[in-house]
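Since the structure comes first, as structure tokens, the remarks are kept for the end.
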Amino acid sequence: MHPEREQLLFTVRNLARVHREHEKFYSESPFHDVIRWQRSSRALKALAERWSVATPSGETSFSPFAGAPDLNDDRATETLGILFMEGGGEPGEIANLKRDLGVLAEANRTTGQWLAAAMSAAWDMLEGLLGYGELADLLAERHRIVSNDWQCASMTELVARNLDRAAAILGRVDFTPAALRADLIANRLAPRYLFSAAEMLDHAADLMASSAVLTHENERRWRIFYERVDQILAATEK
């Protein structure tokens, strides 16, 4: 076998081995984010449902740390710890959520862009395998791996966009008790914004779950491709 052809096979075998293991992780880890975003969505929807019907409280309290009965929802408190207090401003848990969404959006955007560039390079490299008759029946399988990962890259960038926009929507709401009570009396815009932000998180979670499924589908393809290349290289050593 020509040294260059043999070197290409060594390279694709290495890629098949290490990226198969790498993708085992990424077929499972996204579900941690999926659960996280679904929990956040549920908490936002709980508040939105509460604020859609709540009447501003006229009660007074001697303690600034007393809970605001008209603004709090036990489901949101239990799920994310969100608690509106009479003497407080925006709950720290909401501020943390908005900050975390921005951080996660940037991380997913970076990952998606890197993966798209990597798959573009991989697609070009795989053209070199077309002349290997021993791999003729597996060419579509190997290209499907790249296609799936490229689709994951696009989904990951869409996840970033949805997280960014969810944070921006939340940014339209003044979460201080006084402003929320004024909104309850006026147009009740806050719950509408919260429903929209929650639905953006739901879509981000769905995209991430679909991405994990695509990655999981690659496992068999990596295995059979690696085994075939390994057989070809073993035959050249005899």
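Just so we're on the same page: first chain in the structure tokens is A, next is B, and so on; residues restart at 1 for each chain, and ligands are numbered from 1 in the order they show up.
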(request) Find the residues around Arg142 in chain A up to 12 Å (only C-alpha atoms counted), leave out those fewer than 4 positions away in its own chain, and share them as a ChimeraX atom specification. (result) /A:12-13,15-16,20,119,122-123,125-127,129-130,135-138,146-149,218-226,228-229
Could you save the residues just selected, with C-alpha atoms, as a PDB file, in the first residue's frame?
```pdb
ATOM      1  CA  VAL A  12      -9.279   7.836  10.002  1.00  0.00           C
ATOM      2  CA  ARG A  13      -8.881   4.837  12.311  1.00  0.00           C
ATOM      3  CA  LEU A  15     -10.460   9.518  14.516  1.00  0.00           C
ATOM      4  CA  ALA A  16     -12.970   6.679  14.616  1.00  0.00           C
ATOM      5  CA  ARG A  20     -16.484   7.346  19.192  1.00  0.00           C
ATOM      6  CA  MET A 119     -17.254  18.951  10.179  1.00  0.00           C
ATOM      7  CA  ALA A 122     -13.893  16.320   7.990  1.00  0.00           C
ATOM      8  CA  TRP A 123     -16.178  16.263   4.955  1.00  0.00           C
ATOM      9  CA  MET A 125     -10.940  14.871   4.204  1.00  0.00           C
ATOM     10  CA  LEU A 126     -13.340  11.991   3.616  1.00  0.00           C
ATOM     11  CA  GLU A 127     -13.207  12.555  -0.131  1.00  0.00           C
ATOM     12  CA  LEU A 129     -11.594   7.573   1.027  1.00  0.00           C
ATOM     13  CA  LEU A 130     -13.592   7.279  -2.194  1.00  0.00           C
ATOM     14  CA  LEU A 135     -14.716   0.850   2.251  1.00  0.00           C
ATOM     15  CA  ALA A 136     -17.187   1.252  -0.604  1.00  0.00           C
ATOM     16  CA  ASP A 137     -20.168  -0.062   1.362  1.00  0.00           C
ATOM     17  CA  LEU A 138     -19.403   2.104   4.404  1.00  0.00           C
ATOM     18  CA  VAL A 146     -20.359  13.994   9.721  1.00  0.00           C
ATOM     19  CA  SER A 147     -23.847  14.978   8.572  1.00  0.00           C
ATOM     20  CA  ASN A 148     -25.305  14.227  11.994  1.00  0.00           C
ATOM     21  CA  ASP A 149     -22.577  16.161  13.768  1.00  0.00           C
ATOM     22  CA  ASN A 218     -23.470   7.656  15.445  1.00  0.00           C
ATOM     23  CA  GLU A 219     -22.205   5.020  17.858  1.00  0.00           C
ATOM     24  CA  ARG A 220     -22.855   1.972  15.670  1.00  0.00           C
ATOM     25  CA  ARG A 221     -21.500   3.741  12.596  1.00  0.00           C
ATOM     26  CA  TRP A 222     -18.266   4.602  14.386  1.00  0.00           C
ATOM     27  CA  ARG A 223     -17.901   0.987  15.551  1.00  0.00           C
ATOM     28  CA  ILE A 224     -18.368  -0.735  12.219  1.00  0.00           C
ATOM     29  CA  PHE A 225     -16.218   1.800  10.398  1.00  0.00           C
ATOM     30  CA  TYR A 226     -13.386   1.450  12.893  1.00  0.00           C
ATOM     31  CA  ARG A 228     -13.311  -2.275   8.870  1.00  0.00           C
ATOM     32  CA  VAL A 229     -10.367   0.140   8.746  1.00  0.00           C
TER      33      VAL A 229
END
```
(message) Please list as number ranges by chain every residue within 9 Å of range 171-173 of chain A, counting only C-alpha atoms and excluding residues in the same chain fewer than 2 positions away.
(response) A: 98, 166-169, 175-176, 179-180, 189-190, 193-194
Can you list, as a tab-separated table (two decimals) with C-alpha atoms, in the first residue's frame, every protein, DNA or RNA residue that comes within 9 Å of His216 in chain A when you count only C-alpha atoms, leaving out same-chain residues fewer than 3 positions away?
```tsv
chain	number	residue	atom	x	y	z
A	23	GLU	CA	-19.41	11.18	21.37
A	24	LYS	CA	-20.47	8.65	24.00
A	26	TYR	CA	-21.95	14.01	24.27
A	27	SER	CA	-24.84	11.64	23.66
A	28	GLU	CA	-25.58	11.78	27.39
A	211	SER	CA	-28.85	16.85	19.19
A	212	ALA	CA	-28.02	14.20	21.79
A	213	VAL	CA	-30.16	11.65	19.92
A	219	GLU	CA	-22.21	5.02	17.86
A	220	ARG	CA	-22.85	1.97	15.67
```
(request) May I have the residues within 12 Å of Asp206 in chain A as a ChimeraX atom specification, using only C-alpha atoms and disregarding those fewer than 2 positions away in the same chain? (result) /A:30-31,33-35,37-38,155-156,158-159,162,199-204,208-213
(request) Considering only C-alpha atoms, return as a list in words whatever protein or nucleic-acid residues lie within 7 Å of Gln113 in chain A, sequence-local ones (same chain, fewer than 4 positions apart) excluded. (result)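 Counting only C-alpha atoms, the residues come to Arg109, Ala117 and Ala153 of chain A.
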Could the residues in this selection be written to a file with N, CA and C atoms, as a CSV table (one decimal), in the first residue's frame?
```csv
chain,number,residue,atom,x,y,z
A,109,ARG,N,-22.8,28.7,21.6
A,109,ARG,CA,-22.4,29.4,20.3
A,109,ARG,C,-21.0,29.0,19.9
A,117,ALA,N,-17.1,24.1,11.8
A,117,ALA,CA,-15.8,24.2,11.1
A,117,ALA,C,-15.1,22.8,11.1
A,153,ALA,N,-24.2,20.8,15.2
A,153,ALA,CA,-23.6,22.1,15.2
A,153,ALA,C,-24.6,23.2,15.0
```
(message) If we count only C-alpha atoms and set the cut-off at 12 Å, which residues sit around Arg75 in chain A, ignoring sequence neighbours fewer than 6 positions away in its own chain? Please answer as a list in words.
(response)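 Once the nearby chain positions are removed, what remains is Arg39, Ser40, Ser41, Arg42, Ala43, Leu44, Lys45, Ala46, Leu47, Ala48, Glu49, Arg50, Gly81, Ile82 and Leu83 of chain A.
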(request) Tell me, as a VMD selection string, which residues lie within 8 Å of Ala66 in chain A, counting only C-alpha atoms; anything in the same chain fewer than 4 positions away does not count. (result) chain A and resid 61 85 to 87
(request) For CA of Ala182 in chain A and CA of Thr55 in chain A, quote the distance in Å rounded to one decimal. (result)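 That distance, rounded to one decimal, is 10.4 Å.
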(request) Check the smallest atom-to-atom distance from each of A:Ala95, A:Ala140, A:His32, A:Ala197 to Arg165 in chain A using only C-alpha atoms, then report the winner. (result) A:Ala197
(request) Could you give me, as an NGL selection string, each residue of chain A that DSSP assigns to alpha helix (DSSP H) when run on this structure's backbone? (result) :A and (3-26 or 30-53 or 74-80 or 92-126 or 139-170 or 177-185 or 189-236)
(request) Quote the spacing between CA of Ser52 in chain A and CA of Phe84 in chain A in Å to one decimal place. (result) 16.3 Å
(request) Determine the nearest neighbour of Ile185 in chain A from the options A:Val53, A:Ala121, A:Ile145, A:Leu8, counting only C-alpha atoms. (result)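 Result for the nearest residue to Ile185 in chain A: A:Val53.
Closest approach to Glu90 in chain A among A:Cys152, A:Leu170, A:Leu184, A:Arg5: A:Leu170, based on only C-alpha atoms.
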